[in-house]
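*Asks:* Just so it is clear, I am handing over structure.txt, which has compact mmCIF, N, CA and C atoms.
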```
# COMPACT_ATOMS: atom_id res chain seq x y z
N MET A 276 102.89 96.22 137.13
CA MET A 276 104.33 96.26 136.95
C MET A 276 104.71 97.20 135.79
N LEU A 277 103.96 97.12 134.70
CA LEU A 277 104.27 97.98 133.56
C LEU A 277 104.08 99.46 133.87
N ASP A 278 103.15 99.77 134.76
CA ASP A 278 102.89 101.17 135.10
C ASP A 278 104.09 101.83 135.78
N ALA A 279 105.04 101.05 136.26
CA ALA A 279 106.24 101.62 136.87
C ALA A 279 107.12 102.32 135.83
N VAL A 280 107.05 101.87 134.58
CA VAL A 280 107.91 102.46 133.53
C VAL A 280 107.13 103.28 132.50
N ALA A 281 105.82 103.06 132.44
CA ALA A 281 104.99 103.80 131.47
C ALA A 281 103.53 103.54 131.79
N ASP A 282 102.66 104.31 131.18
CA ASP A 282 101.23 104.05 131.34
C ASP A 282 100.85 102.80 130.55
N SER A 283 100.13 101.90 131.21
CA SER A 283 99.66 100.71 130.52
C SER A 283 98.17 100.86 130.26
N HIS A 284 97.70 100.19 129.23
CA HIS A 284 96.30 100.25 128.85
C HIS A 284 95.82 98.85 128.51
N TYR A 285 94.78 98.41 129.17
CA TYR A 285 94.19 97.11 128.89
C TYR A 285 93.29 97.26 127.67
N VAL A 286 93.54 96.45 126.66
CA VAL A 286 92.77 96.56 125.41
C VAL A 286 91.94 95.31 125.12
N GLY A 287 91.81 94.43 126.11
CA GLY A 287 90.95 93.27 125.94
C GLY A 287 91.64 91.96 126.24
N ASP A 288 90.83 90.90 126.25
CA ASP A 288 91.33 89.56 126.58
C ASP A 288 92.13 88.92 125.44
N ASP A 289 91.88 89.35 124.22
CA ASP A 289 92.59 88.79 123.06
C ASP A 289 94.05 89.24 123.11
N ALA A 290 94.95 88.29 123.22
CA ALA A 290 96.37 88.62 123.30
C ALA A 290 96.86 89.37 122.07
N GLY A 291 96.25 89.15 120.95
CA GLY A 291 96.65 89.85 119.74
C GLY A 291 96.24 91.30 119.72
N ALA A 292 95.29 91.69 120.56
CA ALA A 292 94.82 93.07 120.58
C ALA A 292 95.93 94.04 120.99
N ALA A 293 96.74 93.64 121.95
CA ALA A 293 97.84 94.52 122.39
C ALA A 293 98.83 94.73 121.25
N ALA A 294 99.17 93.66 120.55
CA ALA A 294 100.10 93.79 119.42
C ALA A 294 99.51 94.65 118.32
N LEU A 295 98.22 94.48 118.04
CA LEU A 295 97.55 95.28 117.02
C LEU A 295 97.59 96.77 117.38
N HIS A 296 97.30 97.08 118.65
CA HIS A 296 97.36 98.47 119.09
C HIS A 296 98.78 99.02 118.98
N ASP A 297 99.76 98.21 119.35
CA ASP A 297 101.15 98.63 119.26
C ASP A 297 101.52 98.96 117.81
N LEU A 298 101.15 98.08 116.90
CA LEU A 298 101.46 98.31 115.48
C LEU A 298 100.73 99.54 114.95
N ALA A 299 99.49 99.75 115.38
CA ALA A 299 98.74 100.92 114.94
C ALA A 299 99.39 102.21 115.44
N LEU A 300 99.85 102.21 116.69
CA LEU A 300 100.55 103.38 117.21
C LEU A 300 101.85 103.63 116.46
N LEU A 301 102.57 102.55 116.18
CA LEU A 301 103.83 102.68 115.41
C LEU A 301 103.56 103.20 114.00
N ALA A 302 102.45 102.81 113.39
CA ALA A 302 102.10 103.31 112.06
C ALA A 302 101.98 104.83 112.09
N GLY A 303 101.28 105.35 113.11
CA GLY A 303 101.16 106.80 113.24
C GLY A 303 102.50 107.47 113.47
N MET A 304 103.32 106.84 114.29
CA MET A 304 104.63 107.41 114.59
C MET A 304 105.52 107.46 113.35
N TYR A 305 105.58 106.34 112.62
CA TYR A 305 106.45 106.31 111.44
C TYR A 305 105.98 107.30 110.38
N ALA A 306 104.67 107.42 110.19
CA ALA A 306 104.16 108.38 109.21
C ALA A 306 104.49 109.81 109.64
N MET A 307 104.37 110.08 110.94
CA MET A 307 104.70 111.42 111.44
C MET A 307 106.18 111.72 111.25
N PHE A 308 107.04 110.77 111.62
CA PHE A 308 108.48 111.00 111.46
C PHE A 308 108.84 111.17 109.98
N ALA A 309 108.24 110.36 109.11
CA ALA A 309 108.52 110.50 107.68
C ALA A 309 108.11 111.89 107.19
N GLY A 310 106.98 112.39 107.67
CA GLY A 310 106.56 113.75 107.32
C GLY A 310 107.57 114.78 107.81
N PHE A 311 108.08 114.57 109.02
CA PHE A 311 109.12 115.47 109.53
C PHE A 311 110.37 115.41 108.65
N PHE A 312 110.79 114.20 108.27
CA PHE A 312 111.97 114.06 107.43
C PHE A 312 111.77 114.76 106.09
N HIS A 313 110.55 114.63 105.54
CA HIS A 313 110.25 115.29 104.27
C HIS A 313 110.37 116.81 104.43
N GLY A 314 109.78 117.33 105.50
CA GLY A 314 109.87 118.77 105.75
C GLY A 314 111.30 119.22 105.97
N ALA A 315 112.06 118.42 106.72
CA ALA A 315 113.47 118.77 106.97
C ALA A 315 114.25 118.78 105.66
N ALA A 316 113.95 117.84 104.78
CA ALA A 316 114.63 117.82 103.48
C ALA A 316 114.28 119.07 102.67
N MET A 317 113.01 119.48 102.73
CA MET A 317 112.60 120.68 101.99
C MET A 317 113.36 121.92 102.47
N VAL A 318 113.35 122.14 103.80
CA VAL A 318 114.00 123.36 104.29
C VAL A 318 115.52 123.29 104.24
N SER A 319 116.06 122.08 104.15
CA SER A 319 117.53 121.96 104.04
C SER A 319 118.02 122.61 102.76
N THR A 320 117.15 122.66 101.74
CA THR A 320 117.55 123.29 100.47
C THR A 320 117.71 124.80 100.63
N ALA A 321 117.21 125.35 101.75
CA ALA A 321 117.38 126.78 102.03
C ALA A 321 118.41 126.98 103.14
N GLY A 322 119.17 125.92 103.43
CA GLY A 322 120.24 126.04 104.42
C GLY A 322 119.78 125.90 105.87
N VAL A 323 118.56 125.43 106.08
CA VAL A 323 118.04 125.25 107.44
C VAL A 323 118.40 123.83 107.91
N SER A 324 118.97 123.74 109.10
CA SER A 324 119.35 122.43 109.63
C SER A 324 118.10 121.69 110.12
N ALA A 325 118.24 120.37 110.20
CA ALA A 325 117.15 119.55 110.74
C ALA A 325 116.85 119.95 112.18
N LYS A 326 117.89 120.31 112.93
CA LYS A 326 117.71 120.73 114.32
C LYS A 326 116.90 122.02 114.39
N GLU A 327 117.21 122.97 113.53
CA GLU A 327 116.44 124.22 113.49
C GLU A 327 114.98 123.93 113.11
N PHE A 328 114.79 123.07 112.13
CA PHE A 328 113.44 122.73 111.71
C PHE A 328 112.68 122.00 112.82
N ALA A 329 113.37 121.14 113.55
CA ALA A 329 112.73 120.41 114.65
C ALA A 329 112.19 121.37 115.71
N ALA A 330 112.88 122.48 115.92
CA ALA A 330 112.42 123.46 116.90
C ALA A 330 111.07 124.06 116.48
N LEU A 331 110.82 124.13 115.19
CA LEU A 331 109.52 124.61 114.68
C LEU A 331 108.51 123.47 114.59
N ALA A 332 108.97 122.34 114.09
CA ALA A 332 108.06 121.22 113.82
C ALA A 332 107.51 120.59 115.09
N GLY A 333 108.32 120.48 116.13
CA GLY A 333 107.87 119.84 117.37
C GLY A 333 106.62 120.50 117.95
N PRO A 334 106.68 121.80 118.22
CA PRO A 334 105.48 122.46 118.76
C PRO A 334 104.30 122.44 117.78
N TRP A 335 104.59 122.56 116.49
CA TRP A 335 103.52 122.53 115.49
C TRP A 335 102.81 121.18 115.51
N LEU A 336 103.58 120.10 115.46
CA LEU A 336 102.97 118.77 115.47
C LEU A 336 102.23 118.50 116.78
N THR A 337 102.79 118.96 117.89
CA THR A 337 102.10 118.81 119.17
C THR A 337 100.76 119.53 119.15
N ALA A 338 100.74 120.74 118.62
CA ALA A 338 99.48 121.50 118.53
C ALA A 338 98.48 120.78 117.63
N MET A 339 98.95 120.16 116.56
CA MET A 339 98.05 119.49 115.63
C MET A 339 97.40 118.25 116.24
N THR A 340 98.07 117.63 117.22
CA THR A 340 97.49 116.44 117.84
C THR A 340 96.23 116.78 118.64
N ALA A 341 96.04 118.04 118.97
CA ALA A 341 94.82 118.45 119.68
C ALA A 341 93.58 118.20 118.83
N SER A 342 93.75 118.08 117.52
CA SER A 342 92.59 117.85 116.64
C SER A 342 92.24 116.37 116.52
N LEU A 343 93.04 115.47 117.08
CA LEU A 343 92.77 114.04 116.97
C LEU A 343 91.38 113.64 117.48
N PRO A 344 90.93 114.13 118.64
CA PRO A 344 89.59 113.74 119.08
C PRO A 344 88.48 114.15 118.09
N ASP A 345 88.59 115.32 117.50
CA ASP A 345 87.59 115.75 116.51
C ASP A 345 87.66 114.89 115.25
N LEU A 346 88.86 114.57 114.80
CA LEU A 346 89.02 113.71 113.64
C LEU A 346 88.45 112.32 113.94
N ALA A 347 88.73 111.81 115.13
CA ALA A 347 88.21 110.50 115.52
C ALA A 347 86.68 110.51 115.58
N GLU A 348 86.12 111.61 116.05
CA GLU A 348 84.66 111.71 116.12
C GLU A 348 84.04 111.64 114.72
N SER A 349 84.65 112.33 113.76
CA SER A 349 84.10 112.28 112.40
C SER A 349 84.23 110.87 111.81
N ILE A 350 85.33 110.19 112.10
CA ILE A 350 85.53 108.82 111.62
C ILE A 350 84.50 107.89 112.26
N ASP A 351 84.38 107.96 113.58
CA ASP A 351 83.46 107.06 114.28
C ASP A 351 82.00 107.29 113.89
N SER A 352 81.65 108.54 113.62
CA SER A 352 80.26 108.84 113.26
C SER A 352 80.00 108.65 111.77
N GLY A 353 81.07 108.67 110.97
CA GLY A 353 80.91 108.62 109.52
C GLY A 353 80.42 109.93 108.94
N ASP A 354 80.45 110.99 109.75
CA ASP A 354 80.02 112.32 109.29
C ASP A 354 81.25 113.13 108.90
N TYR A 355 81.43 113.27 107.60
CA TYR A 355 82.61 113.97 107.09
C TYR A 355 82.27 115.34 106.53
N THR A 356 81.10 115.86 106.89
CA THR A 356 80.72 117.19 106.41
C THR A 356 81.62 118.23 107.07
N THR A 357 81.83 119.32 106.37
CA THR A 357 82.67 120.39 106.90
C THR A 357 82.27 121.72 106.30
N ASP A 358 82.52 122.76 107.03
CA ASP A 358 82.33 124.09 106.50
C ASP A 358 83.67 124.85 106.51
N VAL A 359 84.73 124.11 106.71
CA VAL A 359 86.06 124.71 106.67
C VAL A 359 86.89 124.04 105.59
N GLN A 360 87.99 123.41 105.92
CA GLN A 360 88.89 122.84 104.93
C GLN A 360 88.38 121.48 104.45
N ASP A 361 87.98 121.45 103.19
CA ASP A 361 87.51 120.20 102.60
C ASP A 361 88.63 119.52 101.83
N LEU A 362 88.34 118.37 101.25
CA LEU A 362 89.37 117.62 100.51
C LEU A 362 89.88 118.38 99.29
N GLU A 363 89.04 119.18 98.66
CA GLU A 363 89.51 119.99 97.52
C GLU A 363 90.59 120.96 98.00
N PHE A 364 90.35 121.61 99.14
CA PHE A 364 91.34 122.52 99.72
C PHE A 364 92.61 121.74 100.07
N THR A 365 92.42 120.59 100.75
CA THR A 365 93.56 119.77 101.16
C THR A 365 94.35 119.31 99.96
N LYS A 366 93.67 118.92 98.88
CA LYS A 366 94.35 118.50 97.65
C LYS A 366 95.25 119.62 97.15
N SER A 367 94.74 120.84 97.14
CA SER A 367 95.55 121.98 96.68
C SER A 367 96.80 122.13 97.53
N ALA A 368 96.64 121.98 98.85
CA ALA A 368 97.78 122.12 99.75
C ALA A 368 98.80 121.00 99.53
N VAL A 369 98.33 119.75 99.48
CA VAL A 369 99.24 118.62 99.31
C VAL A 369 99.92 118.69 97.95
N ASP A 370 99.16 119.02 96.90
CA ASP A 370 99.76 119.17 95.57
C ASP A 370 100.85 120.24 95.57
N LEU A 371 100.60 121.34 96.27
CA LEU A 371 101.59 122.42 96.35
C LEU A 371 102.84 121.97 97.10
N ILE A 372 102.65 121.24 98.19
CA ILE A 372 103.80 120.75 98.95
C ILE A 372 104.64 119.80 98.09
N VAL A 373 103.98 118.88 97.38
CA VAL A 373 104.69 117.94 96.51
C VAL A 373 105.44 118.70 95.42
N ARG A 374 104.76 119.66 94.79
CA ARG A 374 105.39 120.43 93.72
C ARG A 374 106.58 121.25 94.25
N ALA A 375 106.40 121.89 95.40
CA ALA A 375 107.50 122.67 95.98
C ALA A 375 108.67 121.77 96.34
N GLY A 376 108.39 120.59 96.88
CA GLY A 376 109.46 119.65 97.19
C GLY A 376 110.22 119.24 95.94
N ARG A 377 109.45 118.91 94.91
CA ARG A 377 110.11 118.51 93.65
C ARG A 377 110.95 119.65 93.09
N ASP A 378 110.45 120.88 93.20
CA ASP A 378 111.21 122.04 92.75
C ASP A 378 112.53 122.16 93.50
N GLN A 379 112.54 121.66 94.73
CA GLN A 379 113.76 121.68 95.55
C GLN A 379 114.53 120.36 95.44
N HIS A 380 114.11 119.51 94.50
CA HIS A 380 114.74 118.20 94.29
C HIS A 380 114.61 117.29 95.51
N VAL A 381 113.44 117.37 96.16
CA VAL A 381 113.11 116.52 97.29
C VAL A 381 112.08 115.51 96.81
N GLY A 382 112.33 114.24 97.06
CA GLY A 382 111.40 113.20 96.63
C GLY A 382 110.04 113.35 97.29
N ALA A 383 109.01 112.90 96.60
CA ALA A 383 107.64 113.03 97.09
C ALA A 383 107.09 111.71 97.62
N GLY A 384 107.95 110.72 97.79
CA GLY A 384 107.50 109.39 98.18
C GLY A 384 106.70 109.35 99.47
N VAL A 385 106.94 110.27 100.37
CA VAL A 385 106.21 110.29 101.64
C VAL A 385 104.78 110.76 101.41
N LEU A 386 104.60 111.76 100.59
CA LEU A 386 103.28 112.37 100.41
C LEU A 386 102.47 111.78 99.28
N GLU A 387 103.11 111.10 98.34
CA GLU A 387 102.36 110.56 97.19
C GLU A 387 101.24 109.60 97.59
N PRO A 388 101.43 108.72 98.58
CA PRO A 388 100.30 107.86 98.97
C PRO A 388 99.11 108.65 99.50
N VAL A 389 99.38 109.68 100.28
CA VAL A 389 98.30 110.54 100.79
C VAL A 389 97.62 111.25 99.63
N GLN A 390 98.43 111.73 98.71
CA GLN A 390 97.91 112.42 97.52
C GLN A 390 97.00 111.49 96.72
N ARG A 391 97.40 110.24 96.55
CA ARG A 391 96.58 109.28 95.80
C ARG A 391 95.25 109.00 96.49
N ILE A 392 95.27 108.88 97.81
CA ILE A 392 94.03 108.62 98.55
C ILE A 392 93.09 109.82 98.43
N ILE A 393 93.64 111.02 98.58
CA ILE A 393 92.82 112.23 98.44
C ILE A 393 92.22 112.28 97.04
N ASP A 394 93.03 112.05 96.02
CA ASP A 394 92.54 112.09 94.64
C ASP A 394 91.42 111.08 94.42
N ALA A 395 91.57 109.88 94.98
CA ALA A 395 90.54 108.85 94.81
C ALA A 395 89.25 109.25 95.51
N GLN A 396 89.35 109.83 96.69
CA GLN A 396 88.15 110.26 97.41
C GLN A 396 87.44 111.38 96.65
N ILE A 397 88.19 112.30 96.07
CA ILE A 397 87.60 113.37 95.28
C ILE A 397 86.94 112.79 94.04
N ALA A 398 87.63 111.86 93.38
CA ALA A 398 87.07 111.22 92.17
C ALA A 398 85.78 110.48 92.49
N ASP A 399 85.65 109.99 93.73
CA ASP A 399 84.43 109.30 94.15
C ASP A 399 83.35 110.27 94.63
N GLY A 400 83.59 111.58 94.47
CA GLY A 400 82.57 112.57 94.80
C GLY A 400 82.59 113.11 96.21
N HIS A 401 83.73 113.00 96.89
CA HIS A 401 83.80 113.43 98.29
C HIS A 401 84.67 114.67 98.49
N GLY A 402 84.87 115.45 97.44
CA GLY A 402 85.74 116.62 97.52
C GLY A 402 85.29 117.69 98.50
N ASP A 403 83.99 117.71 98.82
CA ASP A 403 83.48 118.72 99.74
C ASP A 403 83.47 118.23 101.19
N GLU A 404 84.10 117.09 101.44
CA GLU A 404 84.14 116.54 102.80
C GLU A 404 85.50 116.78 103.44
N VAL A 405 85.56 116.59 104.73
CA VAL A 405 86.74 116.89 105.53
C VAL A 405 87.87 115.87 105.28
N PHE A 406 89.11 116.27 105.60
CA PHE A 406 90.29 115.45 105.37
C PHE A 406 90.20 114.07 106.00
N SER A 407 89.55 113.95 107.15
CA SER A 407 89.45 112.64 107.79
C SER A 407 88.70 111.63 106.93
N ARG A 408 88.04 112.10 105.88
CA ARG A 408 87.35 111.21 104.93
C ARG A 408 88.34 110.21 104.31
N ILE A 409 89.63 110.54 104.26
CA ILE A 409 90.58 109.61 103.65
C ILE A 409 90.66 108.30 104.43
N TYR A 410 90.18 108.31 105.67
CA TYR A 410 90.09 107.09 106.45
C TYR A 410 89.32 106.02 105.66
N GLU A 411 88.26 106.44 104.99
CA GLU A 411 87.45 105.51 104.19
C GLU A 411 88.28 104.94 103.02
N GLY A 412 89.15 105.73 102.45
CA GLY A 412 90.01 105.26 101.38
C GLY A 412 91.10 104.31 101.87
N ILE A 413 91.41 104.42 103.16
CA ILE A 413 92.38 103.51 103.76
C ILE A 413 91.70 102.20 104.15
N THR A 414 90.51 102.28 104.73
CA THR A 414 89.82 101.07 105.16
C THR A 414 89.12 100.34 104.03
N HIS A 415 88.81 101.06 102.95
CA HIS A 415 88.14 100.46 101.79
C HIS A 415 88.87 100.87 100.51
N PRO A 416 90.10 100.38 100.35
CA PRO A 416 90.89 100.82 99.16
C PRO A 416 90.30 100.33 97.84
```
Can you turn what I pasted into structure tokens?

*Replies:*
Amino acid sequence: MLDAVADSHYVGDDAGAAALHDLALLAGMYAMFAGFFHGAAMVSTAGVSAKEFAALAGPWLTAMTASLPDLAESIDSGDYTTDVQDLEFTKSAVDLIVRAGRDQHVGAGVLEPVQRIIDAQIADGHGDEVFSRIYEGITHP
């Protein structure tokens, strides 16, 4: 019956599993939207409308979701080695985004939690590992 309005997915006999999956999907959605709002606030200081920004952000975010299987593979395997963008690189990028936002009088509340997790992972000696390493900082705060 549910397949008539959307794709349904069986996640197990435990009735709570469906709710857990729903909440996990919503967590990703809210974080993504908050990131979009942060970006829209940044470009609004240059006179760019949220609608104009959405025209850029939508395809960009869609393209970025193609990396989810690779990120999931590193999480599932626990192998966070990389020869491309490591946490030190990511820290530089996130720090720059936060600083640029503040320079434009845009709050950093959306990115500060990510920044703190990255900083903690680097402090624990994982600066040369890939961004998905922050999963460990989320599951083992």

*Asks:* Using Å and a single decimal, report how far atom C of A:Ala375 sits from atom CA of A:Ile413.

*Replies:* 25.6 Å

*Asks:* Would you pick out the contacts of stretch 393-408 of chain A at 6 Å or less, using only N, CA and C atoms, so that residues sharing its chain but fewer than 3 positions from it are not included, and give the list as an MDAnalysis selection string?

*Replies:* chainID A and resid 346 355:357 360:363 389:390 411:412

*Asks:* Using atom CA of A:Ala306 and atom CA of A:Ala321 as the two end points, give the distance in Å to one decimal.

*Replies:*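 So the two atoms, atom CA of A:Ala306 and atom CA of A:Ala321, lie 23.8 Å apart.
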
*Asks:* Excluding same-chain residues fewer than 6 positions from A:His284, what lies within 12 Å of it counting only C-alpha atoms, as a PyMOL selection string?

*Replies:* chain A and resi 277-278+292-293+296-297

*Asks:* Using atom CA of A:Asp378 and atom CA of A:Met339 as the two end points, give the distance in Å to one decimal.

*Replies:*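 Here the two named atoms are 26.5 Å from each other.
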
*Asks:* Please run DSSP on the backbone and report, as a PDB file with N, CA and C atoms, keeping the file's coordinate frame, all residues within chain A that come out as strand (DSSP E or B).

*Replies:*
```
ATOM      1  N   THR A 356      81.100 115.860 106.890  1.00  0.00           N
ATOM      2  CA  THR A 356      80.720 117.190 106.410  1.00  0.00           C
ATOM      3  C   THR A 356      81.620 118.230 107.070  1.00  0.00           C
ATOM      4  N   ASP A 361      87.980 121.450 103.190  1.00  0.00           N
ATOM      5  CA  ASP A 361      87.510 120.200 102.600  1.00  0.00           C
ATOM      6  C   ASP A 361      88.630 119.520 101.830  1.00  0.00           C
ATOM      7  N   GLU A 404      84.100 117.090 101.440  1.00  0.00           N
ATOM      8  CA  GLU A 404      84.140 116.540 102.800  1.00  0.00           C
ATOM      9  C   GLU A 404      85.500 116.780 103.440  1.00  0.00           C
ATOM     10  N   VAL A 405      85.560 116.590 104.730  1.00  0.00           N
ATOM     11  CA  VAL A 405      86.740 116.890 105.530  1.00  0.00           C
ATOM     12  C   VAL A 405      87.870 115.870 105.280  1.00  0.00           C
TER      13      VAL A 405
END
```
